[in-house]
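The file upload_15.cif contains mmCIF, C-alpha atoms:
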data_final
loop_
_atom_site.label_atom_id
_atom_site.label_comp_id
_atom_site.auth_asym_id
_atom_site.auth_seq_id
_atom_site.Cartn_x
_atom_site.Cartn_y
_atom_site.Cartn_z
CA MET U 11 -139.75 -45.38 38.21
CA GLY U 12 -136.84 -46.99 40.08
CA ARG U 13 -135.39 -50.32 39.10
CA TRP U 14 -137.70 -53.30 38.98
CA GLN U 15 -138.05 -55.26 42.23
CA PRO U 16 -138.85 -58.95 41.82
CA ASN U 17 -142.29 -59.70 43.30
CA ALA U 18 -142.40 -56.41 45.22
CA ARG U 19 -146.18 -56.63 45.66
CA GLY U 20 -146.05 -60.11 47.13
CA ARG U 21 -143.19 -59.16 49.46
CA LEU U 22 -145.01 -56.04 50.68
CA GLU U 23 -148.20 -58.02 51.19
CA GLN U 24 -146.42 -60.66 53.27
CA ALA U 25 -144.51 -58.05 55.29
CA ALA U 26 -147.69 -56.06 55.98
CA LEU U 27 -149.52 -59.13 57.19
CA GLU U 28 -146.66 -60.05 59.55
CA LEU U 29 -146.54 -56.54 61.01
CA TYR U 30 -150.33 -56.22 61.35
CA ARG U 31 -150.35 -59.46 63.32
CA GLU U 32 -147.36 -58.51 65.48
CA ARG U 33 -148.21 -54.85 66.21
CA GLY U 34 -151.76 -54.33 64.99
CA PHE U 35 -152.92 -52.50 61.88
CA GLU U 36 -153.11 -49.03 63.49
CA GLN U 37 -149.58 -49.22 64.89
CA THR U 38 -147.94 -50.14 61.58
CA THR U 39 -146.67 -47.61 59.02
CA ALA U 40 -146.02 -47.94 55.29
CA ALA U 41 -142.32 -47.22 55.98
CA GLN U 42 -142.12 -50.17 58.39
CA ILE U 43 -143.79 -52.46 55.85
CA ALA U 44 -141.33 -51.40 53.16
CA GLU U 45 -138.38 -51.93 55.52
CA ARG U 46 -139.56 -55.40 56.53
CA ALA U 47 -139.92 -56.29 52.84
CA GLY U 48 -136.41 -54.95 52.11
CA LEU U 49 -137.81 -52.27 49.82
CA SER U 50 -137.99 -48.46 49.88
CA GLU U 51 -141.02 -46.49 50.99
CA ARG U 52 -141.16 -45.08 47.46
CA THR U 53 -141.52 -48.60 46.13
CA PHE U 54 -144.36 -49.18 48.61
CA PHE U 55 -146.30 -46.19 47.29
CA ARG U 56 -145.61 -47.18 43.70
CA HIS U 57 -147.63 -50.34 44.37
CA TYR U 58 -150.22 -49.34 46.99
CA ALA U 59 -152.07 -46.09 47.76
CA ASP U 60 -151.89 -46.69 51.52
CA LYS U 61 -151.32 -49.39 54.16
CA ARG U 62 -154.96 -50.48 53.99
CA GLU U 63 -154.80 -51.26 50.28
CA VAL U 64 -151.99 -53.79 50.76
CA LEU U 65 -154.68 -56.19 52.01
CA PHE U 66 -156.91 -55.50 49.00
CA GLY U 67 -154.40 -55.77 46.17
CA GLY U 68 -156.25 -58.78 44.76
CA ALA U 69 -159.74 -57.23 44.91
CA GLN U 70 -159.89 -56.04 41.31
CA SER U 71 -158.57 -59.28 39.83
CA LEU U 72 -160.97 -61.30 42.00
CA GLU U 73 -163.89 -59.21 40.73
CA THR U 74 -162.71 -59.64 37.13
CA ALA U 75 -162.33 -63.39 37.68
CA PHE U 76 -165.90 -63.63 38.97
CA ALA U 77 -167.38 -61.63 36.08
CA ASP U 78 -165.31 -63.30 33.34
CA THR U 79 -165.98 -66.80 34.67
CA LEU U 80 -169.73 -66.18 34.83
CA ALA U 81 -169.74 -64.60 31.35
CA ALA U 82 -168.11 -67.74 29.89
CA ILE U 83 -170.74 -70.17 31.23
CA PRO U 84 -173.34 -71.26 28.64
CA GLU U 85 -176.53 -69.20 28.94
CA THR U 86 -178.61 -72.36 28.88
CA ALA U 87 -177.61 -73.02 32.51
CA ALA U 88 -180.11 -71.92 35.19
CA PRO U 89 -178.76 -68.71 36.81
CA ILE U 90 -178.18 -70.37 40.19
CA ASP U 91 -176.27 -73.21 38.48
CA ALA U 92 -174.16 -70.68 36.56
CA MET U 93 -173.51 -68.96 39.93
CA ALA U 94 -172.52 -72.30 41.51
CA ALA U 95 -170.12 -73.13 38.66
CA THR U 96 -168.60 -69.64 38.92
CA LEU U 97 -168.02 -70.03 42.66
CA GLU U 98 -166.32 -73.40 42.21
CA SER U 99 -164.11 -72.11 39.43
CA VAL U 100 -163.06 -68.96 41.32
CA ALA U 101 -162.35 -71.08 44.41
CA GLU U 102 -159.39 -72.61 42.53
CA LEU U 103 -157.60 -69.25 42.74
CA PHE U 104 -157.33 -69.85 46.49
CA ALA U 105 -155.82 -73.33 46.19
CA ASP U 106 -152.49 -72.40 47.83
CA ARG U 107 -153.78 -69.42 49.80
CA HIS U 108 -155.33 -70.98 52.90
CA GLU U 109 -152.69 -69.85 55.39
CA PHE U 110 -152.53 -66.38 53.87
CA ALA U 111 -156.34 -66.12 53.83
CA ARG U 112 -156.52 -67.23 57.46
CA GLN U 113 -154.02 -64.61 58.62
CA ARG U 114 -155.60 -61.89 56.46
CA GLN U 115 -159.08 -62.67 57.79
CA ALA U 116 -157.87 -62.41 61.40
CA VAL U 117 -156.37 -58.97 60.73
CA ILE U 118 -159.48 -57.75 58.92
CA MET U 119 -161.93 -58.98 61.56
CA ALA U 120 -159.95 -57.15 64.28
CA ASN U 121 -160.36 -53.70 62.66
CA THR U 122 -163.56 -51.79 61.83
CA GLU U 123 -162.05 -49.83 58.95
CA LEU U 124 -160.75 -53.04 57.32
CA ARG U 125 -164.07 -54.84 57.82
CA GLU U 126 -165.80 -51.94 56.07
CA ARG U 127 -163.30 -52.03 53.20
CA GLU U 128 -163.94 -55.78 52.86
CA LEU U 129 -167.72 -55.15 52.75
CA ILE U 130 -167.20 -52.63 49.96
CA LYS U 131 -165.02 -55.10 48.04
CA LEU U 132 -167.73 -57.78 48.27
CA ALA U 133 -170.48 -55.31 47.31
CA SER U 134 -168.47 -54.39 44.24
CA ILE U 135 -168.15 -58.08 43.29
CA THR U 136 -171.92 -58.51 43.82
CA ALA U 137 -172.62 -55.54 41.53
CA ALA U 138 -170.28 -56.95 38.85
CA LEU U 139 -172.03 -60.34 39.04
CA ALA U 140 -175.48 -58.70 38.80
CA ALA U 141 -174.37 -56.70 35.74
CA THR U 142 -173.04 -59.88 34.11
CA PHE U 143 -176.31 -61.72 34.78
CA ARG U 144 -178.25 -58.81 33.22
CA SER U 145 -176.01 -58.89 30.15
CA ARG U 146 -176.93 -62.59 29.88
CA GLY U 147 -180.57 -61.51 29.55
CA LEU U 148 -181.73 -62.07 33.13
CA SER U 149 -184.31 -59.59 34.50
CA ALA U 150 -183.00 -56.96 36.92
CA PRO U 151 -184.47 -58.35 40.18
CA ALA U 152 -183.46 -61.96 39.38
CA ALA U 153 -179.96 -60.83 38.35
CA THR U 154 -179.46 -58.91 41.58
CA LEU U 155 -180.92 -61.67 43.76
CA THR U 156 -178.80 -64.40 42.15
CA ALA U 157 -175.71 -62.24 42.57
CA GLU U 158 -176.65 -61.51 46.21
CA ALA U 159 -177.16 -65.22 46.84
CA GLY U 160 -173.78 -66.04 45.27
CA SER U 161 -172.08 -63.31 47.25
CA ALA U 162 -173.61 -64.49 50.55
CA VAL U 163 -172.50 -68.06 49.79
CA PHE U 164 -168.98 -66.84 49.00
CA ARG U 165 -168.77 -64.80 52.22
CA VAL U 166 -170.13 -67.51 54.51
CA GLY U 167 -168.37 -70.40 52.76
CA PHE U 168 -165.07 -68.51 52.78
CA GLU U 169 -165.31 -67.94 56.53
CA ARG U 170 -166.05 -71.63 57.08
CA TRP U 171 -163.03 -72.57 54.96
CA VAL U 172 -160.76 -70.12 56.82
CA ASP U 173 -161.97 -71.40 60.21
CA GLN U 174 -160.89 -75.01 59.60
CA PRO U 175 -157.42 -76.58 59.22
CA GLY U 176 -157.42 -76.25 55.44
CA ASP U 177 -157.14 -79.80 54.16
CA ARG U 178 -160.41 -79.48 52.26
CA PRO U 179 -160.57 -77.05 49.32
CA LEU U 180 -162.62 -73.86 49.35
CA ALA U 181 -164.86 -75.25 46.58
CA ASP U 182 -166.20 -77.91 49.00
CA PHE U 183 -167.27 -75.24 51.49
CA LEU U 184 -168.90 -73.10 48.82
CA ARG U 185 -170.84 -76.12 47.51
CA GLU U 186 -172.05 -77.01 51.02
CA THR U 187 -172.96 -73.41 51.81
CA LEU U 188 -174.99 -73.08 48.63
CA ALA U 189 -176.82 -76.29 49.54
CA ASP U 190 -177.49 -74.78 52.99
CA LEU U 191 -178.83 -71.57 51.44
CA LYS U 192 -181.14 -73.58 49.18
CA ALA U 193 -182.43 -75.53 52.20
CA VAL U 194 -182.92 -72.35 54.23
CA THR U 195 -184.89 -70.51 51.51
CA ALA U 196 -186.96 -73.64 50.83
CA GLY U 197 -188.02 -73.53 54.51
CA GLU U 198 -186.30 -76.77 55.49
CA MET G 19 -177.92 -28.42 76.85
CA GLY G 20 -179.86 -25.46 75.41
CA ARG G 21 -183.59 -25.24 75.49
CA TRP G 22 -185.60 -28.02 73.93
CA GLN G 23 -186.41 -27.62 70.24
CA PRO G 24 -189.61 -29.34 69.11
CA ASN G 25 -188.78 -32.13 66.62
CA ALA G 26 -185.26 -30.79 66.02
CA ARG G 27 -184.09 -34.10 64.56
CA GLY G 28 -186.93 -34.27 62.06
CA ARG G 29 -186.42 -30.65 61.02
CA LEU G 30 -182.67 -31.15 60.54
CA GLU G 31 -183.27 -34.33 58.57
CA GLN G 32 -185.74 -32.59 56.23
CA ALA G 33 -183.49 -29.53 55.82
CA ALA G 34 -180.44 -31.73 55.07
CA LEU G 35 -182.31 -33.70 52.43
CA GLU G 36 -183.49 -30.49 50.74
CA LEU G 37 -179.98 -29.04 50.64
CA TYR G 38 -178.35 -32.27 49.48
CA ARG G 39 -180.78 -32.37 46.58
CA GLU G 40 -180.38 -28.67 45.74
CA ARG G 41 -176.59 -28.32 46.12
CA GLY G 42 -175.25 -31.84 46.47
CA PHE G 43 -173.98 -33.57 49.62
CA GLU G 44 -170.36 -32.36 49.31
CA GLN G 45 -171.36 -28.72 48.90
CA THR G 46 -173.58 -28.58 51.99
CA THR G 47 -172.35 -27.74 55.51
CA ALA G 48 -173.82 -28.53 58.92
CA ALA G 49 -174.22 -24.77 59.51
CA GLN G 50 -176.35 -24.43 56.36
CA ILE G 51 -178.53 -27.37 57.43
CA ALA G 52 -179.07 -25.84 60.86
CA GLU G 53 -179.91 -22.46 59.30
CA ARG G 54 -182.44 -24.00 56.90
CA ALA G 55 -184.05 -25.81 59.82
CA GLY G 56 -184.19 -22.58 61.84
CA LEU G 57 -181.87 -24.03 64.49
CA SER G 58 -178.35 -23.28 65.71
CA GLU G 59 -175.26 -25.16 64.59
CA ARG G 60 -174.82 -26.21 68.24
CA THR G 61 -178.23 -27.83 68.13
CA PHE G 62 -177.20 -29.67 64.95
CA PHE G 63 -174.16 -31.19 66.67
CA ARG G 64 -176.18 -32.06 69.75
CA HIS G 65 -178.21 -34.40 67.53
CA TYR G 66 -175.78 -35.59 64.84
CA ALA G 67 -172.02 -36.21 64.79
CA ASP G 68 -171.68 -34.89 61.23
CA LYS G 69 -173.65 -34.09 58.08
CA ARG G 70 -173.48 -37.71 56.91
CA GLU G 71 -175.17 -39.04 60.03
CA VAL G 72 -178.29 -36.92 59.45
CA LEU G 73 -179.24 -39.48 56.78
CA PHE G 74 -178.65 -42.39 59.16
CA GLY G 75 -180.44 -41.17 62.27
CA GLY G 76 -182.93 -44.03 62.01
CA ALA G 77 -180.31 -46.79 61.52
CA GLN G 78 -180.08 -47.90 65.15
CA SER G 79 -183.84 -47.97 65.72
CA LEU G 80 -184.32 -49.88 62.44
CA GLU G 81 -181.78 -52.47 63.57
CA THR G 82 -183.48 -52.75 66.96
CA ALA G 83 -186.89 -53.09 65.26
CA PHE G 84 -185.56 -55.96 63.11
CA ALA G 85 -183.99 -57.82 66.03
CA ASP G 86 -186.90 -57.29 68.46
CA THR G 87 -189.51 -58.27 65.89
CA LEU G 88 -187.66 -61.46 65.00
CA ALA G 89 -187.09 -62.31 68.66
CA ALA G 90 -190.87 -62.09 69.31
CA ILE G 91 -191.85 -64.59 66.60
CA PRO G 92 -192.63 -68.12 67.88
CA GLU G 93 -189.61 -70.41 67.52
CA THR G 94 -191.80 -73.07 65.94
CA ALA G 95 -191.81 -71.04 62.70
CA ALA G 96 -189.31 -72.12 60.04
CA PRO G 97 -186.45 -69.58 60.03
CA ILE G 98 -187.28 -68.27 56.54
CA ASP G 99 -190.92 -67.80 57.60
CA ALA G 100 -189.81 -65.94 60.73
CA MET G 101 -187.62 -63.79 58.47
CA ALA G 102 -190.58 -63.13 56.13
CA ALA G 103 -192.86 -62.14 59.03
CA THR G 104 -190.13 -59.84 60.37
CA LEU G 105 -189.73 -58.10 57.01
CA GLU G 106 -193.48 -57.52 56.70
CA SER G 107 -193.73 -56.17 60.21
CA VAL G 108 -190.74 -53.82 59.87
CA ALA G 109 -192.14 -52.60 56.53
CA GLU G 110 -194.99 -50.93 58.45
CA LEU G 111 -192.47 -48.45 59.88
CA PHE G 112 -192.15 -47.04 56.35
CA ALA G 113 -195.91 -46.59 55.80
CA ASP G 114 -195.75 -42.77 55.49
CA ARG G 115 -192.13 -42.55 54.41
CA HIS G 116 -192.23 -43.25 50.69
CA GLU G 117 -191.46 -39.72 49.50
CA PHE G 118 -188.75 -39.28 52.12
CA ALA G 119 -187.23 -42.69 51.26
CA ARG G 120 -187.27 -41.86 47.56
CA GLN G 121 -185.42 -38.58 48.08
CA ARG G 122 -182.99 -40.10 50.55
CA GLN G 123 -182.19 -42.99 48.20
CA ALA G 124 -181.43 -40.56 45.33
CA VAL G 125 -178.99 -38.62 47.53
CA ILE G 126 -177.29 -41.79 48.76
CA MET G 127 -176.92 -43.40 45.35
CA ALA G 128 -175.23 -40.22 44.04
CA ASN G 129 -172.39 -40.33 46.59
CA THR G 130 -169.79 -43.08 47.17
CA GLU G 131 -169.24 -42.25 50.85
CA LEU G 132 -173.01 -42.40 51.53
CA ARG G 133 -173.41 -45.65 49.60
CA GLU G 134 -170.65 -47.14 51.74
CA ARG G 135 -172.30 -45.91 54.94
CA GLU G 136 -175.58 -47.50 53.77
CA LEU G 137 -173.77 -50.81 53.12
CA ILE G 138 -172.37 -50.70 56.65
CA LYS G 139 -175.82 -50.00 58.09
CA LEU G 140 -177.28 -53.00 56.26
CA ALA G 141 -174.37 -55.24 57.28
CA SER G 142 -174.99 -54.28 60.89
CA ILE G 143 -178.69 -55.18 60.55
CA THR G 144 -177.68 -58.51 58.96
CA ALA G 145 -175.33 -59.26 61.86
CA ALA G 146 -178.07 -58.39 64.40
CA LEU G 147 -180.52 -60.72 62.64
CA ALA G 148 -177.93 -63.54 62.51
CA ALA G 149 -177.27 -63.12 66.26
CA THR G 150 -181.01 -63.23 66.97
CA PHE G 151 -181.42 -66.40 64.90
CA ARG G 152 -178.53 -68.01 66.81
CA SER G 153 -180.14 -67.06 70.12
CA ARG G 154 -183.25 -68.86 68.86
CA GLY G 155 -181.14 -72.04 68.60
CA LEU G 156 -180.36 -71.98 64.88
CA SER G 157 -176.90 -73.26 63.84
CA ALA G 158 -174.33 -70.62 62.90
CA PRO G 159 -174.27 -71.13 59.11
CA ALA G 160 -178.09 -71.35 58.84
CA ALA G 161 -178.50 -68.27 61.05
CA THR G 162 -176.10 -66.23 58.92
CA LEU G 163 -177.56 -67.46 55.63
CA THR G 164 -181.16 -66.74 56.67
CA ALA G 165 -180.11 -63.27 57.84
CA GLU G 166 -178.21 -62.69 54.56
CA ALA G 167 -181.26 -63.82 52.57
CA GLY G 168 -183.52 -61.49 54.56
CA SER G 169 -181.11 -58.61 54.16
CA ALA G 170 -180.83 -59.14 50.38
CA VAL G 171 -184.64 -59.23 50.14
CA PHE G 172 -184.91 -56.02 52.16
CA ARG G 173 -182.29 -54.23 50.01
CA VAL G 174 -183.72 -55.32 46.65
CA GLY G 175 -187.39 -55.00 47.69
CA PHE G 176 -186.76 -51.57 49.17
CA GLU G 177 -185.20 -50.35 45.92
CA ARG G 178 -188.16 -51.69 43.94
CA TRP G 179 -190.56 -49.90 46.30
CA VAL G 180 -188.64 -46.62 46.06
CA ASP G 181 -188.53 -46.84 42.25
CA GLN G 182 -192.32 -46.94 41.81
CA PRO G 183 -195.02 -44.30 42.47
CA GLY G 184 -195.68 -45.52 46.00
CA ASP G 185 -199.30 -46.58 46.03
CA ARG G 186 -198.40 -50.12 47.03
CA PRO G 187 -196.90 -50.69 50.49
CA LEU G 188 -193.29 -51.81 51.03
CA ALA G 189 -194.51 -55.11 52.47
CA ASP G 190 -195.86 -56.12 49.04
CA PHE G 191 -192.47 -55.60 47.44
CA LEU G 192 -190.66 -57.51 50.18
CA ARG G 193 -193.09 -60.42 49.81
CA GLU G 194 -192.59 -60.52 46.03
CA THR G 195 -188.83 -60.21 46.33
CA LEU G 196 -188.64 -63.09 48.80
CA ALA G 197 -190.73 -65.19 46.38
CA ASP G 198 -188.25 -64.25 43.64
CA LEU G 199 -185.29 -65.24 45.81
CA LYS G 200 -186.92 -68.60 46.57
CA ALA G 201 -187.50 -69.17 42.85
CA VAL G 202 -183.93 -68.17 41.99
CA THR G 203 -182.31 -70.47 44.56
CA ALA G 204 -184.61 -73.33 43.58
CA GLY G 205 -183.22 -73.00 40.03
CA GLU G 206 -186.47 -71.87 38.46
#
structure tokens encoding of this file:
Amino acid sequence: MGRWQPNARGRLEQAALELYRERGFEQTTAAQIAERAGLSERTFFRHYADKREVLFGGAQSLETAFADTLAAIPETAAPIDAMAATLESVAELFADRHEFARQRQAVIMANTELRERELIKLASITAALAATFRSRGLSAPAATLTAEAGSAVFRVGFERWVDQPGDRPLADFLRETLADLKAVTAGE
Amino acid sequence: MGRWQPNARGRLEQAALELYRERGFEQTTAAQIAERAGLSERTFFRHYADKREVLFGGAQSLETAFADTLAAIPETAAPIDAMAATLESVAELFADRHEFARQRQAVIMANTELRERELIKLASITAALAATFRSRGLSAPAATLTAEAGSAVFRVGFERWVDQPGDRPLADFLRETLADLKAVTAGE
């Protein structure tokens, strides 16, 4: 390992996002990202497997945050209420990330490979939530369906949050989207 | 184009499934699939881009069936009821496919690349349903959420159908799974 670089991951992430927006994802190389961040290519590959993964560096910690938050909610709560509380708590992680999330979303939506990687990330979070619900004693179909409902709310609510100026917190959009899902499934 | 081969696609599909189960997906080649089906490798590539796509030959027609069925349902129906009717109608396409679906599911679940391809197929169906709901005048969030709910019901209900002996039709499982989703979101 070379010498420690302060916040290398954050710098690479920011540099990658700038370059993807300027030149497009396909036209950008790991070497260019490293250069823009003022770091070596070796440092890039010490932190990320490839240029795609720079946009998914937070995926594992987001999944862990979802599962750990749900696991900590009292089991007396109805599953959908535990899901709602989990969504609102996880939303706090994005408190200062609106501009970053907006730029990242634009890059991802413009590229099939990145959209697919994002799908896989969300499916992995859904599976982690379903496993946590089962470990709380919920039956398999109900666990999966509650996790799927939570995941759909996160996906749709997140897009609504990203699409607006950003004065209102993500939690508001997730709460509204869950209310919409409840209305839709109730046939309203 | 060479001479016409009767039901070449069906024969390649069946041969691929047999080989994937016998040897595993990674260990099977397109040439071996063609040979097992009694066809040439050229014929294989006339029908499928690669050995993965053999398992997804029905994806486009399934998506079209979902969208066309939904489009034909009277707009007076509540969106979730239109979604339910669509699921039950599409389920009829699988009337004689239980054994095939069971084998296909086992192959897909055993391989990360195939699981990801299946996710992408389902996301594409979800997007087609959301677009159809919007063209029926539903607002964007409600359209997406109803499509996401329908897609989750299809995924979970399909797995429940595949996991049992197969005497009961897919439509039964989809109906029960939708009832479960309604109960879950209502906080029951």
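Reported to one decimal place, the separation of CA of Pro24 (chain G) from CA of Ala52 (chain G) is 13.8 Å.
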Could you jot down the CA of Glu28 (chain U) to CA of Ile138 (chain G) separation for me, Å, one decimal place? 27.5 Å
Any idea what's packed within 6 Å of Leu188 (chain G), counting only C-alpha atoms, ignoring anything in its chain fewer than 2 positions away? Could you give it as number ranges by chain? G: 109, 179, 190-191
Could you work out how far CA of Ile135 (chain U) lies from CA of Val172 (chain U), giving the answer in Å with one decimal? 19.6 Å
Residues of chain U within 8 Å of chain G, only C-alpha atoms counted, as a ChimeraX atom specification: /U:88-91,126,129-130,151-152,154-156,158-159,162-163,166,187,190-192,194-198
Restricting to only C-alpha atoms, whichever of U:Ser134, U:Thr142, U:Gln113, U:Gln174 is closest to Ser71 (chain U) is U:Ser134
Give me the result of the PyMOL selection byres ((chain U and resi 111) around 12) on this file, residue by residue, as a PyMOL selection string. chain U and resi 23-24+27+65-66+68+103-110+112-119+168-176+180
Within 9 Å of Ala95 (chain U), counting all atoms listed in the file, which residues qualify if same-chain residues fewer than 6 places away don't, as a VMD selection string? chain U and resid 79 to 80 83
Would you mind exporting C-alpha atoms of the selected residues as a compact mmCIF listing (two decimals), in the coordinates of the input?
# COMPACT_ATOMS: atom_id res chain seq x y z
CA THR U 79 -165.98 -66.80 34.67
CA LEU U 80 -169.73 -66.18 34.83
CA ILE U 83 -170.74 -70.17 31.23
Sel. within 12 Å of pt (-172.1, -30.9, 49.8), counting all atoms listed in the file, output as a list in words: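 Neighbouring residues, ordered by chain and number, come to Ala34, Leu35, Glu36, Leu37, Tyr38, Arg39, Glu40, Arg41, Gly42, Phe43, Glu44, Gln45, Thr46, Thr47, Ala48, Ala49, Gln50, Ile51, Lys69, Arg70, Val125, Ala128, Asn129, Glu131 and Leu132 of chain G.
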Sel. within 9 Å of pt (-146.0, -51.5, 46.0), counting all atoms listed in the file, output as a CSV table (one decimal) with C-alpha atoms, in the coordinates of the input:
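Saved as result_32.csv:
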chain,number,residue,atom,x,y,z
U,18,ALA,CA,-142.4,-56.4,45.2
U,19,ARG,CA,-146.2,-56.6,45.7
U,20,GLY,CA,-146.0,-60.1,47.1
U,21,ARG,CA,-143.2,-59.2,49.5
U,22,LEU,CA,-145.0,-56.0,50.7
U,23,GLU,CA,-148.2,-58.0,51.2
U,44,ALA,CA,-141.3,-51.4,53.2
U,51,GLU,CA,-141.0,-46.5,51.0
U,52,ARG,CA,-141.2,-45.1,47.5
U,53,THR,CA,-141.5,-48.6,46.1
U,54,PHE,CA,-144.4,-49.2,48.6
U,55,PHE,CA,-146.3,-46.2,47.3
U,56,ARG,CA,-145.6,-47.2,43.7
U,57,HIS,CA,-147.6,-50.3,44.4
U,58,TYR,CA,-150.2,-49.3,47.0
U,59,ALA,CA,-152.1,-46.1,47.8
U,64,VAL,CA,-152.0,-53.8,50.8
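Closest approach to Phe164 (chain U) among U:Ala25, U:Leu49, U:Ala75, U:Leu132: U:Leu132, based on only C-alpha atoms.
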